[in-house]
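Source file: structure-v4.pdb. Holds: PDB, C-alpha atoms.
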ATOM      1  CA  MET A  46     -36.897  16.615 -21.061
ATOM      2  CA  THR A  47     -39.236  14.565 -18.930
ATOM      3  CA  SER A  48     -39.930  10.842 -18.969
ATOM      4  CA  THR A  49     -43.698  11.423 -18.910
ATOM      5  CA  TYR A  50     -43.488  12.167 -22.642
ATOM      6  CA  ALA A  51     -42.864   9.327 -25.052
ATOM      7  CA  VAL A  52     -42.211  11.777 -27.904
ATOM      8  CA  LEU A  53     -40.850  15.265 -27.322
ATOM      9  CA  SER A  54     -39.499  17.534 -30.058
ATOM     10  CA  GLU A  55     -38.359  21.157 -30.010
ATOM     11  CA  GLY A  56     -37.753  23.294 -33.080
ATOM     12  CA  LEU A  57     -37.451  20.314 -35.439
ATOM     13  CA  GLU A  58     -36.519  21.341 -39.000
ATOM     14  CA  LYS A  59     -36.038  19.564 -42.324
ATOM     15  CA  ARG A  60     -35.328  21.016 -45.762
ATOM     16  CA  PHE A  61     -34.998  19.271 -49.092
ATOM     17  CA  GLY A  62     -32.845  20.851 -51.775
ATOM     18  CA  SER A  63     -31.026  24.157 -51.522
ATOM     19  CA  GLY A  64     -31.227  27.773 -52.568
ATOM     20  CA  ASP A  65     -34.405  29.125 -54.128
ATOM     21  CA  LYS A  66     -35.638  25.611 -54.895
ATOM     22  CA  ALA A  67     -35.384  24.364 -51.305
ATOM     23  CA  VAL A  68     -38.535  22.851 -49.807
ATOM     24  CA  HIS A  69     -38.934  23.538 -46.088
ATOM     25  CA  ALA A  70     -40.967  20.435 -45.188
ATOM     26  CA  VAL A  71     -40.749  20.742 -41.403
ATOM     27  CA  ARG A  72     -40.086  24.094 -39.748
ATOM     28  CA  GLY A  73     -39.819  24.491 -35.995
ATOM     29  CA  LEU A  74     -42.021  21.522 -35.108
ATOM     30  CA  ASP A  75     -42.759  21.195 -31.384
ATOM     31  CA  LEU A  76     -44.476  18.020 -30.167
ATOM     32  CA  ALA A  77     -45.182  16.582 -26.731
ATOM     33  CA  VAL A  78     -46.869  13.164 -26.749
ATOM     34  CA  ARG A  79     -47.702  11.742 -23.343
ATOM     35  CA  GLU A  80     -46.858   8.121 -22.574
ATOM     36  CA  GLY A  81     -49.675   5.660 -23.140
ATOM     37  CA  THR A  82     -51.799   7.975 -25.285
ATOM     38  CA  VAL A  83     -52.808   8.180 -28.933
ATOM     39  CA  CYS A  84     -51.733  11.406 -30.632
ATOM     40  CA  GLY A  85     -53.166  12.219 -34.044
ATOM     41  CA  LEU A  86     -51.131  14.306 -36.481
ATOM     42  CA  LEU A  87     -53.492  15.966 -38.948
ATOM     43  CA  GLY A  88     -52.830  18.326 -41.801
ATOM     44  CA  PRO A  89     -53.452  18.951 -45.486
ATOM     45  CA  ASN A  90     -51.394  17.196 -48.141
ATOM     46  CA  GLY A  91     -47.842  18.507 -48.075
ATOM     47  CA  ALA A  92     -48.152  19.827 -44.519
ATOM     48  CA  GLY A  93     -45.127  17.813 -43.347
ATOM     49  CA  LYS A  94     -46.787  14.926 -41.466
ATOM     50  CA  THR A  95     -44.905  12.078 -43.142
ATOM     51  CA  THR A  96     -41.596  13.973 -43.036
ATOM     52  CA  ALA A  97     -42.122  14.499 -39.306
ATOM     53  CA  VAL A  98     -42.662  10.767 -38.815
ATOM     54  CA  ARG A  99     -39.544   9.961 -40.850
ATOM     55  CA  LEU A 100     -37.535  12.311 -38.630
ATOM     56  CA  LEU A 101     -38.896  10.882 -35.395
ATOM     57  CA  THR A 102     -38.268   7.304 -36.552
ATOM     58  CA  THR A 103     -34.635   8.184 -37.518
ATOM     59  CA  LEU A 104     -35.181   7.590 -41.251
ATOM     60  CA  LEU A 105     -34.153  11.218 -41.813
ATOM     61  CA  ARG A 106     -31.736  13.426 -39.899
ATOM     62  CA  PRO A 107     -33.048  16.835 -38.828
ATOM     63  CA  ASP A 108     -31.365  20.000 -40.075
ATOM     64  CA  ALA A 109     -32.092  21.727 -36.771
ATOM     65  CA  GLY A 110     -33.872  21.165 -33.487
ATOM     66  CA  THR A 111     -33.942  18.209 -31.123
ATOM     67  CA  ALA A 112     -36.243  15.300 -30.392
ATOM     68  CA  ARG A 113     -36.370  12.405 -27.980
ATOM     69  CA  VAL A 114     -38.405   9.255 -28.576
ATOM     70  CA  ALA A 115     -38.853   6.716 -25.772
ATOM     71  CA  GLY A 116     -36.212   8.639 -23.829
ATOM     72  CA  HIS A 117     -33.543   8.606 -26.558
ATOM     73  CA  ASP A 118     -32.211  11.378 -28.794
ATOM     74  CA  ILE A 119     -33.092  10.746 -32.454
ATOM     75  CA  ALA A 120     -29.760  12.149 -33.701
ATOM     76  CA  THR A 121     -27.223  10.824 -31.202
ATOM     77  CA  GLU A 122     -29.022   7.651 -30.085
ATOM     78  CA  ALA A 123     -30.731   6.578 -33.304
ATOM     79  CA  HIS A 124     -30.007   2.883 -32.753
ATOM     80  CA  ALA A 125     -31.565   2.988 -29.283
ATOM     81  CA  VAL A 126     -34.632   4.759 -30.694
ATOM     82  CA  ARG A 127     -35.085   2.040 -33.316
ATOM     83  CA  ARG A 128     -35.032  -0.658 -30.651
ATOM     84  CA  ARG A 129     -37.944   1.009 -28.829
ATOM     85  CA  ILE A 130     -40.296   1.833 -31.715
ATOM     86  CA  GLY A 131     -42.520   0.138 -34.265
ATOM     87  CA  VAL A 132     -43.473   1.668 -37.608
ATOM     88  CA  THR A 133     -46.314   0.954 -40.000
ATOM     89  CA  GLY A 134     -46.230   3.018 -43.179
ATOM     90  CA  GLN A 135     -48.914   3.927 -45.683
ATOM     91  CA  TYR A 136     -48.448   0.716 -47.657
ATOM     92  CA  ALA A 137     -48.122  -2.869 -46.444
ATOM     93  CA  SER A 138     -44.520  -4.111 -46.428
ATOM     94  CA  VAL A 139     -45.205  -7.838 -46.389
ATOM     95  CA  ASP A 140     -44.002 -10.348 -49.017
ATOM     96  CA  GLY A 141     -46.966 -11.581 -51.034
ATOM     97  CA  ASP A 142     -45.318 -14.901 -51.890
ATOM     98  CA  LEU A 143     -44.807 -15.859 -48.252
ATOM     99  CA  THR A 144     -47.605 -16.986 -45.978
ATOM    100  CA  GLY A 145     -48.743 -14.730 -43.195
ATOM    101  CA  ARG A 146     -46.922 -16.841 -40.622
ATOM    102  CA  GLU A 147     -43.744 -16.965 -42.736
ATOM    103  CA  ASN A 148     -43.801 -13.184 -43.069
ATOM    104  CA  LEU A 149     -43.984 -12.653 -39.323
ATOM    105  CA  ARG A 150     -41.350 -15.279 -38.569
ATOM    106  CA  LEU A 151     -39.024 -13.671 -41.125
ATOM    107  CA  PHE A 152     -39.511 -10.252 -39.541
ATOM    108  CA  ALA A 153     -38.946 -11.785 -36.101
ATOM    109  CA  ARG A 154     -35.650 -13.271 -37.259
ATOM    110  CA  LEU A 155     -34.515  -9.969 -38.809
ATOM    111  CA  LEU A 156     -35.478  -8.059 -35.671
ATOM    112  CA  ARG A 157     -34.031 -10.698 -33.348
ATOM    113  CA  ALA A 158     -37.406 -11.106 -31.702
ATOM    114  CA  PRO A 159     -38.547 -14.465 -30.265
ATOM    115  CA  ARG A 160     -40.238 -16.652 -32.859
ATOM    116  CA  ALA A 161     -43.042 -17.218 -30.386
ATOM    117  CA  HIS A 162     -43.986 -13.539 -30.689
ATOM    118  CA  ALA A 163     -44.875 -14.113 -34.350
ATOM    119  CA  ASP A 164     -47.246 -16.945 -33.505
ATOM    120  CA  GLU A 165     -48.806 -14.950 -30.660
ATOM    121  CA  LEU A 166     -49.474 -12.004 -32.983
ATOM    122  CA  ILE A 167     -51.085 -14.253 -35.601
ATOM    123  CA  GLU A 168     -53.670 -15.172 -32.966
ATOM    124  CA  ARG A 169     -53.941 -11.656 -31.543
ATOM    125  CA  PHE A 170     -54.782 -10.110 -34.912
ATOM    126  CA  ASP A 171     -57.264 -12.834 -35.882
ATOM    127  CA  LEU A 172     -55.128 -14.188 -38.725
ATOM    128  CA  ALA A 173     -54.902 -17.834 -37.609
ATOM    129  CA  ASP A 174     -57.324 -19.147 -40.264
ATOM    130  CA  ALA A 175     -55.293 -17.488 -43.035
ATOM    131  CA  ALA A 176     -51.836 -17.934 -41.505
ATOM    132  CA  GLU A 177     -50.753 -20.624 -43.979
ATOM    133  CA  ARG A 178     -52.037 -18.821 -47.096
ATOM    134  CA  PRO A 179     -49.791 -16.616 -49.273
ATOM    135  CA  ALA A 180     -50.159 -12.991 -48.224
ATOM    136  CA  ARG A 181     -51.042 -12.016 -51.795
ATOM    137  CA  THR A 182     -54.425 -13.704 -51.243
ATOM    138  CA  TYR A 183     -55.203 -11.467 -48.262
ATOM    139  CA  SER A 184     -57.737  -8.653 -48.317
ATOM    140  CA  GLY A 185     -56.600  -5.083 -47.762
ATOM    141  CA  GLY A 186     -57.630  -5.218 -44.124
ATOM    142  CA  MET A 187     -55.778  -8.489 -43.548
ATOM    143  CA  HIS A 188     -52.644  -7.030 -45.162
ATOM    144  CA  ARG A 189     -52.849  -4.089 -42.804
ATOM    145  CA  ARG A 190     -53.330  -6.297 -39.738
ATOM    146  CA  LEU A 191     -50.336  -8.402 -40.771
ATOM    147  CA  ASP A 192     -48.244  -5.262 -41.287
ATOM    148  CA  LEU A 193     -49.336  -3.925 -37.900
ATOM    149  CA  ALA A 194     -48.484  -7.249 -36.271
ATOM    150  CA  ALA A 195     -44.973  -7.101 -37.788
ATOM    151  CA  SER A 196     -44.424  -3.662 -36.241
ATOM    152  CA  LEU A 197     -45.242  -5.106 -32.795
ATOM    153  CA  LEU A 198     -42.814  -8.039 -32.824
ATOM    154  CA  THR A 199     -40.329  -6.183 -30.624
ATOM    155  CA  ARG A 200     -43.110  -4.986 -28.302
ATOM    156  CA  PRO A 201     -42.298  -1.314 -28.911
ATOM    157  CA  ALA A 202     -42.883   1.456 -26.411
ATOM    158  CA  VAL A 203     -43.928   3.827 -29.200
ATOM    159  CA  LEU A 204     -45.798   2.872 -32.364
ATOM    160  CA  PHE A 205     -45.848   5.157 -35.409
ATOM    161  CA  LEU A 206     -48.778   4.654 -37.780
ATOM    162  CA  ASP A 207     -48.495   6.686 -40.986
ATOM    163  CA  GLU A 208     -51.976   6.761 -42.551
ATOM    164  CA  PRO A 209     -52.579   3.089 -41.658
ATOM    165  CA  THR A 210     -56.088   2.829 -43.143
ATOM    166  CA  THR A 211     -55.467   4.528 -46.498
ATOM    167  CA  GLY A 212     -57.487   2.769 -49.201
ATOM    168  CA  LEU A 213     -59.317   0.423 -46.836
ATOM    169  CA  ASP A 214     -63.059  -0.176 -46.877
ATOM    170  CA  PRO A 215     -65.060   0.835 -43.770
ATOM    171  CA  HIS A 216     -65.118  -2.698 -42.334
ATOM    172  CA  SER A 217     -61.343  -3.127 -42.645
ATOM    173  CA  ARG A 218     -60.810   0.356 -41.245
ATOM    174  CA  ASN A 219     -62.868  -0.531 -38.170
ATOM    175  CA  GLU A 220     -60.710  -3.626 -37.651
ATOM    176  CA  ILE A 221     -57.580  -1.483 -37.571
ATOM    177  CA  TRP A 222     -59.276   0.992 -35.230
ATOM    178  CA  ASP A 223     -60.089  -1.841 -32.824
ATOM    179  CA  ALA A 224     -56.463  -2.997 -32.924
ATOM    180  CA  VAL A 225     -55.188   0.515 -32.177
ATOM    181  CA  ARG A 226     -57.609   0.898 -29.270
ATOM    182  CA  GLU A 227     -56.409  -2.412 -27.846
ATOM    183  CA  LEU A 228     -52.762  -1.327 -28.119
ATOM    184  CA  ALA A 229     -53.426   2.020 -26.467
ATOM    185  CA  GLY A 230     -55.406   0.319 -23.730
ATOM    186  CA  ALA A 231     -52.377  -1.905 -23.021
ATOM    187  CA  GLY A 232     -50.145   1.158 -22.582
ATOM    188  CA  THR A 233     -48.488   1.536 -25.986
ATOM    189  CA  THR A 234     -47.974   5.145 -27.086
ATOM    190  CA  VAL A 235     -49.323   5.635 -30.607
ATOM    191  CA  LEU A 236     -48.509   8.508 -32.939
ATOM    192  CA  LEU A 237     -50.972   8.418 -35.819
ATOM    193  CA  THR A 238     -50.995  10.435 -39.020
ATOM    194  CA  THR A 239     -54.235  10.367 -40.936
ATOM    195  CA  GLN A 240     -56.354  12.270 -43.419
ATOM    196  CA  TYR A 241     -59.537  10.657 -42.080
ATOM    197  CA  LEU A 242     -60.940  13.122 -39.568
ATOM    198  CA  GLU A 243     -63.346  10.553 -38.164
ATOM    199  CA  GLU A 244     -60.356   8.304 -37.486
ATOM    200  CA  ALA A 245     -58.647  10.941 -35.364
ATOM    201  CA  ASP A 246     -61.911  11.748 -33.589
ATOM    202  CA  GLN A 247     -62.420   8.066 -32.772
ATOM    203  CA  LEU A 248     -58.882   7.199 -31.677
ATOM    204  CA  ALA A 249     -56.864  10.216 -30.567
ATOM    205  CA  ASP A 250     -56.532  11.489 -27.012
ATOM    206  CA  ASP A 251     -54.762  14.566 -28.379
ATOM    207  CA  ILE A 252     -54.589  16.067 -31.859
ATOM    208  CA  VAL A 253     -51.901  18.248 -33.428
ATOM    209  CA  LEU A 254     -52.851  20.132 -36.581
ATOM    210  CA  ILE A 255     -49.773  20.425 -38.800
ATOM    211  CA  ASP A 256     -49.737  23.287 -41.292
ATOM    212  CA  GLU A 257     -46.715  24.285 -43.388
ATOM    213  CA  GLY A 258     -44.439  22.114 -41.276
ATOM    214  CA  ARG A 259     -45.458  23.611 -37.926
ATOM    215  CA  ALA A 260     -47.741  22.546 -35.102
ATOM    216  CA  ALA A 261     -50.410  25.170 -35.773
ATOM    217  CA  HIS A 262     -52.998  23.992 -33.226
ATOM    218  CA  HIS A 263     -53.176  21.268 -30.615
ATOM    219  CA  GLY A 264     -55.570  19.933 -28.006
ATOM    220  CA  THR A 265     -58.100  17.205 -27.396
ATOM    221  CA  PRO A 266     -60.796  16.755 -30.059
ATOM    222  CA  ALA A 267     -63.252  18.524 -27.730
ATOM    223  CA  GLU A 268     -60.857  21.423 -27.116
ATOM    224  CA  LEU A 269     -60.252  21.938 -30.838
ATOM    225  CA  LYS A 270     -63.969  21.872 -31.550
ATOM    226  CA  ALA A 271     -64.511  24.461 -28.847
ATOM    227  CA  GLN A 272     -62.104  26.822 -30.633
ATOM    228  CA  ILE A 273     -64.589  27.412 -33.428
ATOM    229  CA  GLY A 274     -67.701  27.405 -31.262
ATOM    230  CA  HIS A 275     -71.001  25.896 -32.358
ATOM    231  CA  TYR A 276     -72.684  25.893 -35.738
ATOM    232  CA  ALA A 277     -76.153  27.295 -36.317
ATOM    233  CA  GLU A 278     -78.062  26.053 -39.339
ATOM    234  CA  VAL A 279     -81.600  26.886 -40.447
ATOM    235  CA  VAL A 280     -83.716  25.262 -43.147
ATOM    236  CA  VAL A 281     -86.357  27.217 -45.066
ATOM    237  CA  PRO A 282     -89.231  25.624 -47.026
ATOM    238  CA  ASP A 283     -88.714  24.762 -50.695
ATOM    239  CA  ASP A 284     -91.537  27.071 -51.754
ATOM    240  CA  ALA A 285     -90.291  30.044 -49.708
ATOM    241  CA  GLY A 286     -88.101  31.395 -52.486
ATOM    242  CA  GLU A 287     -84.602  32.834 -52.637
ATOM    243  CA  ARG A 288     -85.567  35.884 -50.603
ATOM    244  CA  ALA A 289     -86.349  33.769 -47.524
ATOM    245  CA  LEU A 290     -82.967  32.074 -47.713
ATOM    246  CA  HIS A 291     -81.183  35.423 -47.883
ATOM    247  CA  ALA A 292     -83.321  36.801 -45.059
ATOM    248  CA  ALA A 293     -82.271  33.872 -42.870
ATOM    249  CA  ALA A 294     -78.633  34.607 -43.736
ATOM    250  CA  VAL A 295     -79.063  38.242 -42.717
ATOM    251  CA  VAL A 296     -80.457  37.204 -39.321
ATOM    252  CA  LEU A 297     -77.545  34.808 -38.740
ATOM    253  CA  ASP A 298     -75.090  37.496 -39.775
ATOM    254  CA  GLN A 299     -76.563  39.925 -37.251
ATOM    255  CA  LEU A 300     -76.624  37.312 -34.484
ATOM    256  CA  THR A 301     -73.182  35.778 -34.969
ATOM    257  CA  GLY A 302     -71.036  38.336 -36.771
ATOM    258  CA  ALA A 303     -69.813  35.468 -38.943
ATOM    259  CA  ARG A 304     -70.312  35.320 -42.673
ATOM    260  CA  PRO A 305     -73.211  32.905 -43.302
ATOM    261  CA  VAL A 306     -72.940  30.037 -45.753
ATOM    262  CA  LEU A 307     -75.845  29.327 -48.101
ATOM    263  CA  ASP A 308     -76.641  25.901 -49.505
ATOM    264  CA  ARG A 309     -79.357  26.432 -52.099
ATOM    265  CA  GLU A 310     -79.775  22.738 -52.839
ATOM    266  CA  ARG A 311     -80.489  21.903 -49.193
ATOM    267  CA  ARG A 312     -82.246  25.248 -48.628
ATOM    268  CA  THR A 313     -80.060  26.025 -45.612
ATOM    269  CA  ALA A 314     -78.201  28.993 -44.182
ATOM    270  CA  GLY A 315     -75.542  28.419 -41.541
ATOM    271  CA  ALA A 316     -72.922  30.283 -39.506
ATOM    272  CA  VAL A 317     -70.337  29.658 -36.806
ATOM    273  CA  VAL A 318     -71.479  30.785 -33.352
ATOM    274  CA  LEU A 319     -68.782  31.919 -30.910
ATOM    275  CA  ASP A 320     -71.019  33.855 -28.488
ATOM    276  CA  PRO A 321     -72.515  31.526 -25.818
ATOM    277  CA  ALA A 322     -75.414  33.991 -25.476
ATOM    278  CA  VAL A 323     -76.629  32.919 -28.925
ATOM    279  CA  THR A 324     -78.905  29.998 -28.072
ATOM    280  CA  LEU A 325     -81.230  28.008 -30.293
ATOM    281  CA  PRO A 326     -84.397  29.632 -28.861
ATOM    282  CA  ARG A 327     -82.874  33.049 -29.553
ATOM    283  CA  VAL A 328     -82.065  32.063 -33.150
ATOM    284  CA  VAL A 329     -85.634  30.866 -33.705
ATOM    285  CA  ARG A 330     -87.070  33.965 -32.036
ATOM    286  CA  GLU A 331     -85.031  36.339 -34.230
ATOM    287  CA  LEU A 332     -85.952  34.443 -37.391
ATOM    288  CA  ASP A 333     -89.614  34.600 -36.457
ATOM    289  CA  ALA A 334     -89.380  38.343 -35.735
ATOM    290  CA  ALA A 335     -87.854  38.865 -39.178
ATOM    291  CA  GLY A 336     -90.710  36.935 -40.795
ATOM    292  CA  VAL A 337     -88.463  34.114 -42.073
ATOM    293  CA  PRO A 338     -90.450  30.911 -42.762
ATOM    294  CA  LEU A 339     -88.735  28.003 -41.031
ATOM    295  CA  MET A 340     -88.750  24.225 -41.437
ATOM    296  CA  ASP A 341     -85.955  23.413 -38.996
ATOM    297  CA  ALA A 342     -83.168  24.984 -36.949
ATOM    298  CA  THR A 343     -80.209  23.413 -35.173
ATOM    299  CA  LEU A 344     -77.314  24.570 -33.006
ATOM    300  CA  ARG A 345     -74.688  21.835 -32.813
ATOM    301  CA  PRO A 346     -71.014  21.325 -32.054
ATOM    302  CA  PRO A 347     -68.788  21.397 -35.153
ATOM    303  CA  THR A 348     -67.482  18.202 -36.675
ATOM    304  CA  LEU A 349     -63.733  17.608 -36.600
ATOM    305  CA  ASP A 350     -63.785  17.988 -40.390
ATOM    306  CA  GLU A 351     -65.049  21.556 -39.954
ATOM    307  CA  VAL A 352     -62.418  22.243 -37.296
ATOM    308  CA  PHE A 353     -59.636  20.861 -39.490
ATOM    309  CA  LEU A 354     -60.563  22.862 -42.549
ATOM    310  CA  ARG A 355     -61.317  26.080 -40.684
ATOM    311  CA  LEU A 356     -58.122  26.071 -38.646
ATOM    312  CA  THR A 357     -55.869  25.158 -41.579
ATOM    313  CA  ALA A 358     -57.632  27.175 -44.294
ATOM    314  CA  THR A 359     -55.580  29.943 -45.866
ATOM    315  CA  ARG A 360     -58.509  31.602 -47.615
ATOM    316  CA  ASP A 361     -61.860  32.656 -46.170
ATOM    317  CA  THR A 362     -63.692  31.024 -49.034
ATOM    318  CA  THR A 363     -62.106  27.679 -48.214
ATOM    319  CA  ALA A 364     -63.095  27.909 -44.580
ATOM    320  CA  GLU A 365     -66.656  28.951 -45.353
ATOM    321  CA  GLY A 366     -67.112  26.130 -47.811
ATOM    322  CA  VAL A 367     -66.730  23.574 -45.020
ATOM    323  CA  ALA A 368     -70.005  24.426 -43.434
ATOM    324  CA  ALA A 369     -71.992  24.348 -46.637
TER     325      ALA A 369
END

Output the structure of this file as structure tokens.
Amino acid sequence: MTSTYAVLSEGLEKRFGSGDKAVHAVRGLDLAVREGTVCGLLGPNGAGKTTAVRLLTTLLRPDAGTARVAGHDIATEAHAVRRRIGVTGQYASVDGDLTGRENLRLFARLLRAPRAHADELIERFDLADAAERPARTYSGGMHRRLDLAASLLTRPAVLFLDEPTTGLDPHSRNEIWDAVRELAGAGTTVLLTTQYLEEADQLADDIVLIDEGRAAHHGTPAELKAQIGHYAEVVVPDDAGERALHAAAVVLDQLTGARPVLDRERRTAGAVVLDPAVTLPRVVRELDAAGVPLMDATLRPPTLDEVFLRLTATRDTTAEGVAA
């Protein structure tokens, strides 16, 4: 175990229930989160993301495996782990009848943090104008900022954010993103679970794709995108007919070896391109040689949404539907 990793787990396991009805939520999870970085945990519903966070924050005991958070073992040094971390769950934990300032001062008292930290965080998270209002009058974004501020009262080395922007509008989500960027810039290690792929793309230095309780893929956003190559998409004219669309698909099939995806409404045919020799001029040239009428053609990097669904898909039809 090395101190350059704020979170390090090996073979982490957690089951719920027993016998034939047991649910293996986390199975052999290996994580290595570098200090001072943002790591995004992504995965489909039921993949084990939240269970993994509950294990790493000592809310659950693992059935097998080991993990260290901020240099402390989660099983044998749970109290020490709790002193070094902050946690923000999927839903705000503040008391709606208390004012924003009262909420933070209460949390500070419970956590034995200086009262001055509460007042500093009110200013830091732009809540001063609403600090004396009951929290129940706050918007969703303000609730989230208050909840995030509460998790920082002890100035944690590692901050766990479990789907922190669930249910927020785009403006409120951007406010939380700005707060996370500021924390990471100041050296806090952030482990973020999210179902918003854009969120991970915007914030994470490294991404771990969780599937069936395991770390199925990991890397930077750019590295994960590179795993599925580029995406070629061609658009045929509306009046060209169904035959032209299928002819374009045949050309892409021959060029890429990947099964093309047709979108009849948009009049497009597309396919994943793994071969770097397949360039946009070559795509256009082959389409022209096949007599396919063309309105537009693009060769672009995949979105993180496409990466996520392709790398975690269990059926070819699911994976192909991403690119449609």

Residues returned when the PyMOL selection byres ((chain A and resi 279) around 7) runs on this file, as JSON, numbers by chain:
{"A": [277, 278, 280, 281, 313, 314, 315, 341, 342, 343]}

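Omitting Val71 in chain A and its sequence neighbours fewer than 5 positions away, and counting all atoms listed in the file, the residues within 6 Å are Glu58, Lys59, Gly93 and Gly258 of chain A.
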
Preceding selection exported with C-alpha atoms as a PDB file, in the frame of the given file:
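part29.pdb, freshly written:
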ATOM      1  CA  GLU A  58     -36.519  21.341 -39.000  1.00  0.00           C
ATOM      2  CA  LYS A  59     -36.038  19.564 -42.324  1.00  0.00           C
ATOM      3  CA  GLY A  93     -45.127  17.813 -43.347  1.00  0.00           C
ATOM      4  CA  GLY A 258     -44.439  22.114 -41.276  1.00  0.00           C
TER       5      GLY A 258
END

Please expand the PyMOL selection byres ((chain A and resi 147-151) around 9) into the concrete residues it hits in this file, giving the result as number ranges by chain.
A: 139-141, 143-146, 152-156, 158-164, 166-167, 176-177, 179-180, 191-192, 194-195, 198

Step by step: start from the point (-58.5, -12.1, -37.3) in the file's coordinates, keep every protein, DNA or RNA residue that has an atom no farther than 12 Å from it, count all atoms listed in the file, and write the set as a ChimeraX atom specification.
/A:145,166-176,183-184,186-191,194,217,220-221,223-224

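Note that the spacing between CA of Glu257 in chain A and CA of Glu122 in chain A amounts to 27.7 Å.
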
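Proximity ranking of A:Asp298, A:Glu243, A:Glu55, A:Asp75 relative to Ala261 in chain A places A:Asp75 first, based on all atoms listed in the file.
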
Residues within 8 Å of Ala289 in chain A, please, as number ranges by chain. Count only C-alpha atoms; anything in the same chain fewer than 4 positions from it doesn't count.
A: 281, 285, 293, 337-338

Only C-alpha atoms, please: the residues just picked out, written as a JSON list (two decimals), keeping the file's coordinate frame.
[["chain", "number", "residue", "atom", "x", "y", "z"],
["A", 281, "VAL", "CA", -86.36, 27.22, -45.07],
["A", 285, "ALA", "CA", -90.29, 30.04, -49.71],
["A", 293, "ALA", "CA", -82.27, 33.87, -42.87],
["A", 337, "VAL", "CA", -88.46, 34.11, -42.07],
["A", 338, "PRO", "CA", -90.45, 30.91, -42.76]]

What does the distance from CA of Gly64 in chain A to CA of Thr102 in chain A come to in Å, to one decimal?
26.9 Å

One decimal place gives the CA of His69 in chain A-CA of Asp246 in chain A separation as 28.7 Å

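Candidate residues A:Tyr276, A:Phe353, A:Ala51, A:Gly131 were compared for distance to Val253 in chain A, and the nearest is A:Phe353, using only C-alpha atoms.
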
May I have the residues within 8 Å of range 229-237 of chain A as JSON, numbers by chain, using only C-alpha atoms and disregarding those fewer than 5 positions away in the same chain?
{"A": [51, 78, 79, 80, 81, 82, 83, 84, 85, 86, 201, 202, 203, 204, 205, 206, 207, 208]}

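The smallest atom-to-atom distance between Pro107 in chain A and any of A:Glu287, A:Gly56, A:Thr133, A:Gly91, using only C-alpha atoms, is found for A:Gly56.
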
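Nearest to Leu87 in chain A of all the residues A:Val306, A:Leu242, A:Leu269, A:Val296 is A:Leu242, based on all atoms listed in the file.
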
Given the PyMOL selection byres ((chain A and resi 124-126) around 12) and the file above, list the residues it selects as a list in words.
Ala51, Val52, Leu100, Leu101, Thr102, Thr103, Leu104, Ala112, Arg113, Val114, Ala115, Gly116, His117, Asp118, Ile119, Ala120, Thr121, Glu122, Ala123, Arg127, Arg128, Arg129, Ile130, Gly131, Val132, Pro201, Ala202, Val203 and Leu204 of chain A

Centre and edge lengths, as JSON, for the axis-aligned box enclosing every listed atom of range 110-118 of chain A with 8 Å of padding on each of the six sides, in Å to one decimal?
{"center_x": -35.5, "center_y": 13.9, "center_z": -28.7, "size_x": 22.6, "size_y": 30.4, "size_z": 25.7}

Gly62 in chain A proximity check over A:Lys94, A:Ala294, A:Asp108, A:Thr348, using only C-alpha atoms: winner is A:Asp108
